[in-house]
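For reference, the structure discussed in these notes is given below.
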Amino acid sequence: MRIGIDLGGTKIEGIALDDTGIELFRQRISTPQHDYAATLDAICDLVQLIEHHCGKKGSIGIGIPGAISPTTAKIKNANSTWLIGQAIQQDLEARLSRPVRIANDANCFAVSEATDGAGRDANIVFGVIIGTGTGAGICIERQALAGCNAIAGEWGHNPLPWPHESELPGRRCYCGKQGCIETWLSGPGFTRWYQKTGGQAQNPQEIIKQAAQGNMLAEKALQEYEDRLARSLATVINILDPDIIILGGGMGNISRLYENVPRQWAQYIFSEHIDTQLLPPTHGDSSGVRGAAWLWPKKNRT
Ligand SMILES: [Zn+2]
């Protein structure tokens, strides 16, 4: 049995999978705020609850915001700031008396889809999560690629490629730079652009609804969004050349992106023929927690 834990800023989700990927149990609890010791307790209680319910022990994989620093073995780059600087792997292994595998939550998303989702037959999967932020994980042969600085796939903090004059210098990002991809492609970034072009403050779902109803301003903002996403993914394809790109998070629910973005990206990619596919996640919102469980991969794929 594999146990996956998704440690989010507001909730912690736990899942148990059998060897074929069938879900045995799932539970969701609130994340204790600004309290590391209570967060550890909550994770251990959740593992205990799952194992009690299933009547057996499991391997444990955990998806976290941020990453484990290869130099200090402590958490870095987490938006749940009370986790930063904590040796979470060491602390959990001591409490749970077994090895624990930990990866960035976007990496877990990519692992899930590469294991038994939309990328299951692909060698290279780029798993993108666009919601309030813009993250991504890379899977090669169904294994997450961490990278020597543990930032592989952190594509949201590169600048928007092939910028138009109207897109320069770009908004200041919380990372300290200006014009990051995240400031354009995140849900709040899309809303900000729509407002800037004269639209009313709306959440992205509302703007998309208006575009579908024939609102020209909303349609134009969405077409510009599609072009920015196409440019941003074209640079990924030019470097990584993935078989499949999977689009998760709130913005991944916009169905027209799967047709329009690949049509747009052709003009930016350095190849006359492009086989890379853009697909929605098979496991939807469950991919993060499933991928955490799959950090202990199948020995033989079925
Ligand atoms: Zn940034």
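Going by the structure tokens order, chains are called A, B, ..., each with residues numbered from 1, while ligands are numbered from 1 in the order shown.
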Kindly compile the residues surrounding ligand 1 within 9 Å, counting only C-alpha atoms and all ligand atoms, and format them as an mmCIF file with N, CA, C and O atoms, in the first residue's frame.
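Ended up saving to pocket_0.cif:
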```cif
data_model
loop_
_atom_site.group_PDB
_atom_site.id
_atom_site.type_symbol
_atom_site.label_atom_id
_atom_site.label_comp_id
_atom_site.auth_asym_id
_atom_site.auth_seq_id
_atom_site.Cartn_x
_atom_site.Cartn_y
_atom_site.Cartn_z
ATOM 1 N N GLY A 156 7.813 29.499 -13.963
ATOM 2 C CA GLY A 156 7.007 30.699 -13.760
ATOM 3 C C GLY A 156 7.808 31.954 -13.466
ATOM 4 O O GLY A 156 7.280 33.066 -13.572
ATOM 5 N N HIS A 157 9.070 31.778 -13.108
ATOM 6 C CA HIS A 157 9.888 32.956 -12.788
ATOM 7 C C HIS A 157 10.956 33.241 -13.831
ATOM 8 O O HIS A 157 11.949 33.921 -13.566
ATOM 9 N N ASN A 158 10.721 32.739 -15.028
ATOM 10 C CA ASN A 158 11.444 33.242 -16.206
ATOM 11 C C ASN A 158 10.624 34.400 -16.767
ATOM 12 O O ASN A 158 9.409 34.459 -16.553
ATOM 13 N N PRO A 159 11.266 35.293 -17.524
ATOM 14 C CA PRO A 159 10.480 36.385 -18.119
ATOM 15 C C PRO A 159 9.583 35.889 -19.259
ATOM 16 O O PRO A 159 9.882 34.875 -19.893
ATOM 17 N N ARG A 172 5.963 43.954 -11.284
ATOM 18 C CA ARG A 172 6.950 43.419 -10.345
ATOM 19 C C ARG A 172 6.381 42.148 -9.700
ATOM 20 O O ARG A 172 5.205 42.086 -9.347
ATOM 21 N N CYS A 173 7.236 41.147 -9.583
ATOM 22 C CA CYS A 173 6.824 39.840 -9.039
ATOM 23 C C CYS A 173 7.325 39.730 -7.600
ATOM 24 O O CYS A 173 8.323 40.356 -7.245
ATOM 25 N N TYR A 174 6.680 38.888 -6.794
ATOM 26 C CA TYR A 174 7.120 38.740 -5.397
ATOM 27 C C TYR A 174 8.544 38.183 -5.293
ATOM 28 O O TYR A 174 9.207 38.324 -4.281
ATOM 29 N N CYS A 175 9.043 37.576 -6.392
ATOM 30 C CA CYS A 175 10.397 37.002 -6.373
ATOM 31 C C CYS A 175 11.457 38.087 -6.506
ATOM 32 O O CYS A 175 12.642 37.813 -6.363
ATOM 33 N N GLY A 176 11.029 39.318 -6.824
ATOM 34 C CA GLY A 176 11.987 40.418 -6.932
ATOM 35 C C GLY A 176 12.254 40.865 -8.356
ATOM 36 O O GLY A 176 12.805 41.930 -8.588
ATOM 37 N N LYS A 177 11.861 40.023 -9.339
ATOM 38 C CA LYS A 177 12.078 40.376 -10.738
ATOM 39 C C LYS A 177 10.826 41.039 -11.309
ATOM 40 O O LYS A 177 9.797 41.132 -10.647
ATOM 41 N N GLN A 178 10.925 41.428 -12.561
ATOM 42 C CA GLN A 178 9.797 42.087 -13.215
ATOM 43 C C GLN A 178 9.369 41.305 -14.458
ATOM 44 O O GLN A 178 10.239 40.824 -15.196
ATOM 45 N N GLY A 179 8.076 41.209 -14.689
ATOM 46 C CA GLY A 179 7.581 40.591 -15.924
ATOM 47 C C GLY A 179 7.687 39.079 -15.958
ATOM 48 O O GLY A 179 7.740 38.477 -17.035
ATOM 49 N N CYS A 180 7.698 38.421 -14.785
ATOM 50 C CA CYS A 180 7.768 36.958 -14.752
ATOM 51 C C CYS A 180 6.534 36.350 -15.438
ATOM 52 O O CYS A 180 5.437 36.917 -15.396
ATOM 53 N N ILE A 181 6.715 35.171 -16.018
ATOM 54 C CA ILE A 181 5.608 34.429 -16.631
ATOM 55 C C ILE A 181 4.431 34.332 -15.655
ATOM 56 O O ILE A 181 3.281 34.506 -16.041
ATOM 57 N N GLU A 182 4.730 34.070 -14.389
ATOM 58 C CA GLU A 182 3.658 33.920 -13.393
ATOM 59 C C GLU A 182 2.778 35.162 -13.284
ATOM 60 O O GLU A 182 1.567 35.057 -13.082
ATOM 61 N N THR A 183 3.377 36.345 -13.411
ATOM 62 C CA THR A 183 2.580 37.571 -13.268
ATOM 63 C C THR A 183 1.596 37.716 -14.438
ATOM 64 O O THR A 183 0.616 38.438 -14.331
#
```
Exercise. Tell me, as a ChimeraX atom specification, which residues lie within 6 Å of stretch 112-122 of chain A, counting only C-alpha atoms; anything in the same chain fewer than 2 positions away does not count.
Key: /A:109-110,124,142,243,281-282,287,290-291
Quiz item: In Å, how far is it from atom CA of A:Lys298 to atom CA of A:Val236?
Solution: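 Spanning atom CA of A:Lys298 to atom CA of A:Val236 is a straight-line distance of 28.1 Å.
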Self-check item: Length of the atom CA of A:Asn149 to atom CA of A:Pro163 vector [Å]
Solution: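 Taking atom CA of A:Asn149 as the start and atom CA of A:Pro163 as the end point, the length is 27.7 Å.
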Quiz prompt | DSSP helix (DSSP H, G or I) selection over stretch 39-253 of chain A, as a PyMOL selection string | solution = chain A and resi 39-54+81-83+88-96+105-116+165-167+181-185+187-196+204-212+216-240+250-253
Keeping only C-alpha atoms, write the selected residues as an mmCIF file, in the first residue's frame.
```cif
data_model
loop_
_atom_site.group_PDB
_atom_site.id
_atom_site.type_symbol
_atom_site.label_atom_id
_atom_site.label_comp_id
_atom_site.auth_asym_id
_atom_site.auth_seq_id
_atom_site.Cartn_x
_atom_site.Cartn_y
_atom_site.Cartn_z
ATOM 1 C CA THR A 39 1.787 20.477 11.189
ATOM 2 C CA LEU A 40 4.024 17.463 11.920
ATOM 3 C CA ASP A 41 1.463 16.159 14.430
ATOM 4 C CA ALA A 42 -1.323 16.558 11.868
ATOM 5 C CA ILE A 43 0.616 14.608 9.191
ATOM 6 C CA CYS A 44 1.435 11.783 11.636
ATOM 7 C CA ASP A 45 -2.190 11.616 12.862
ATOM 8 C CA LEU A 46 -3.381 11.412 9.258
ATOM 9 C CA VAL A 47 -0.972 8.550 8.478
ATOM 10 C CA GLN A 48 -2.148 6.745 11.598
ATOM 11 C CA LEU A 49 -5.798 7.228 10.645
ATOM 12 C CA ILE A 50 -5.201 5.897 7.119
ATOM 13 C CA GLU A 51 -3.295 2.861 8.358
ATOM 14 C CA HIS A 52 -5.906 2.138 11.006
ATOM 15 C CA HIS A 53 -8.676 2.333 8.409
ATOM 16 C CA CYS A 54 -6.826 0.137 5.875
ATOM 17 C CA THR A 81 6.385 30.396 5.287
ATOM 18 C CA TRP A 82 6.373 28.580 8.654
ATOM 19 C CA LEU A 83 7.756 25.528 6.844
ATOM 20 C CA ILE A 88 10.768 18.045 7.571
ATOM 21 C CA GLN A 89 12.075 14.810 6.067
ATOM 22 C CA GLN A 90 14.315 14.049 9.045
ATOM 23 C CA ASP A 91 11.566 15.009 11.509
ATOM 24 C CA LEU A 92 8.909 12.857 9.847
ATOM 25 C CA GLU A 93 11.193 9.854 9.370
ATOM 26 C CA ALA A 94 12.011 9.954 13.094
ATOM 27 C CA ARG A 95 8.328 10.123 14.042
ATOM 28 C CA LEU A 96 7.032 7.604 11.523
ATOM 29 C CA ASP A 105 3.783 19.533 -5.213
ATOM 30 C CA ALA A 106 4.065 20.332 -8.943
ATOM 31 C CA ASN A 107 6.543 17.458 -9.283
ATOM 32 C CA CYS A 108 3.981 15.190 -7.602
ATOM 33 C CA PHE A 109 1.353 16.358 -10.105
ATOM 34 C CA ALA A 110 3.706 15.408 -12.968
ATOM 35 C CA VAL A 111 4.525 12.030 -11.352
ATOM 36 C CA SER A 112 0.827 11.207 -10.998
ATOM 37 C CA GLU A 113 -0.005 11.944 -14.613
ATOM 38 C CA ALA A 114 3.170 10.216 -15.867
ATOM 39 C CA THR A 115 2.422 7.087 -13.801
ATOM 40 C CA ASP A 116 -1.197 6.351 -14.669
ATOM 41 C CA GLU A 165 6.010 46.564 -26.345
ATOM 42 C CA SER A 166 2.763 46.760 -24.364
ATOM 43 C CA GLU A 167 4.035 43.933 -22.126
ATOM 44 C CA ILE A 181 5.608 34.429 -16.631
ATOM 45 C CA GLU A 182 3.658 33.920 -13.393
ATOM 46 C CA THR A 183 2.580 37.571 -13.268
ATOM 47 C CA TRP A 184 0.955 37.067 -16.717
ATOM 48 C CA LEU A 185 -0.387 33.523 -16.638
ATOM 49 C CA GLY A 187 -5.400 33.484 -12.498
ATOM 50 C CA PRO A 188 -4.873 36.859 -10.756
ATOM 51 C CA GLY A 189 -2.532 37.879 -13.609
ATOM 52 C CA PHE A 190 -5.231 37.161 -16.188
ATOM 53 C CA THR A 191 -7.801 39.141 -14.188
ATOM 54 C CA ARG A 192 -5.377 42.090 -13.848
ATOM 55 C CA TRP A 193 -4.786 42.190 -17.615
ATOM 56 C CA TYR A 194 -8.520 42.105 -18.330
ATOM 57 C CA GLN A 195 -9.003 45.069 -15.993
ATOM 58 C CA LYS A 196 -6.123 46.924 -17.591
ATOM 59 C CA PRO A 204 -11.088 34.095 -14.658
ATOM 60 C CA GLN A 205 -14.134 31.768 -14.892
ATOM 61 C CA GLU A 206 -16.403 34.801 -15.265
ATOM 62 C CA ILE A 207 -14.196 36.343 -17.993
ATOM 63 C CA ILE A 208 -14.253 33.039 -19.904
ATOM 64 C CA LYS A 209 -18.030 32.849 -19.597
ATOM 65 C CA GLN A 210 -18.325 36.378 -20.988
ATOM 66 C CA ALA A 211 -16.018 35.509 -23.895
ATOM 67 C CA ALA A 212 -18.221 32.506 -24.706
ATOM 68 C CA MET A 216 -15.403 41.123 -27.459
ATOM 69 C CA LEU A 217 -13.258 42.590 -24.676
ATOM 70 C CA ALA A 218 -13.243 39.280 -22.801
ATOM 71 C CA GLU A 219 -12.582 37.384 -26.056
ATOM 72 C CA LYS A 220 -9.591 39.621 -26.844
ATOM 73 C CA ALA A 221 -8.132 39.189 -23.337
ATOM 74 C CA LEU A 222 -8.495 35.421 -23.633
ATOM 75 C CA GLN A 223 -6.822 35.345 -27.063
ATOM 76 C CA GLU A 224 -3.923 37.369 -25.646
ATOM 77 C CA TYR A 225 -3.728 34.939 -22.729
ATOM 78 C CA GLU A 226 -3.589 31.998 -25.152
ATOM 79 C CA ASP A 227 -0.746 33.632 -27.071
ATOM 80 C CA ARG A 228 1.236 34.304 -23.876
ATOM 81 C CA LEU A 229 0.754 30.703 -22.746
ATOM 82 C CA ALA A 230 1.838 29.500 -26.205
ATOM 83 C CA ARG A 231 5.002 31.654 -26.112
ATOM 84 C CA SER A 232 5.818 30.514 -22.567
ATOM 85 C CA LEU A 233 5.355 26.814 -23.392
ATOM 86 C CA ALA A 234 7.257 27.154 -26.701
ATOM 87 C CA THR A 235 10.448 27.983 -24.769
ATOM 88 C CA VAL A 236 9.886 24.884 -22.620
ATOM 89 C CA ILE A 237 9.456 22.760 -25.763
ATOM 90 C CA ASN A 238 12.589 24.282 -27.337
ATOM 91 C CA ILE A 239 14.643 23.224 -24.289
ATOM 92 C CA LEU A 240 13.018 20.090 -22.860
ATOM 93 C CA GLY A 250 -7.794 26.340 -12.130
ATOM 94 C CA MET A 251 -6.692 27.652 -15.543
ATOM 95 C CA GLY A 252 -6.400 24.057 -16.809
ATOM 96 C CA ASN A 253 -10.223 23.912 -16.768
#
```
Self-check item: Given only C-alpha atoms as the counted atoms, nearest of A:Ser286, A:Ser69, A:Asn260, A:Ser59 to A:Val100
Solution: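 Among A:Ser286, A:Ser69, A:Asn260, A:Ser59, it is A:Ser59 that comes nearest to A:Val100.
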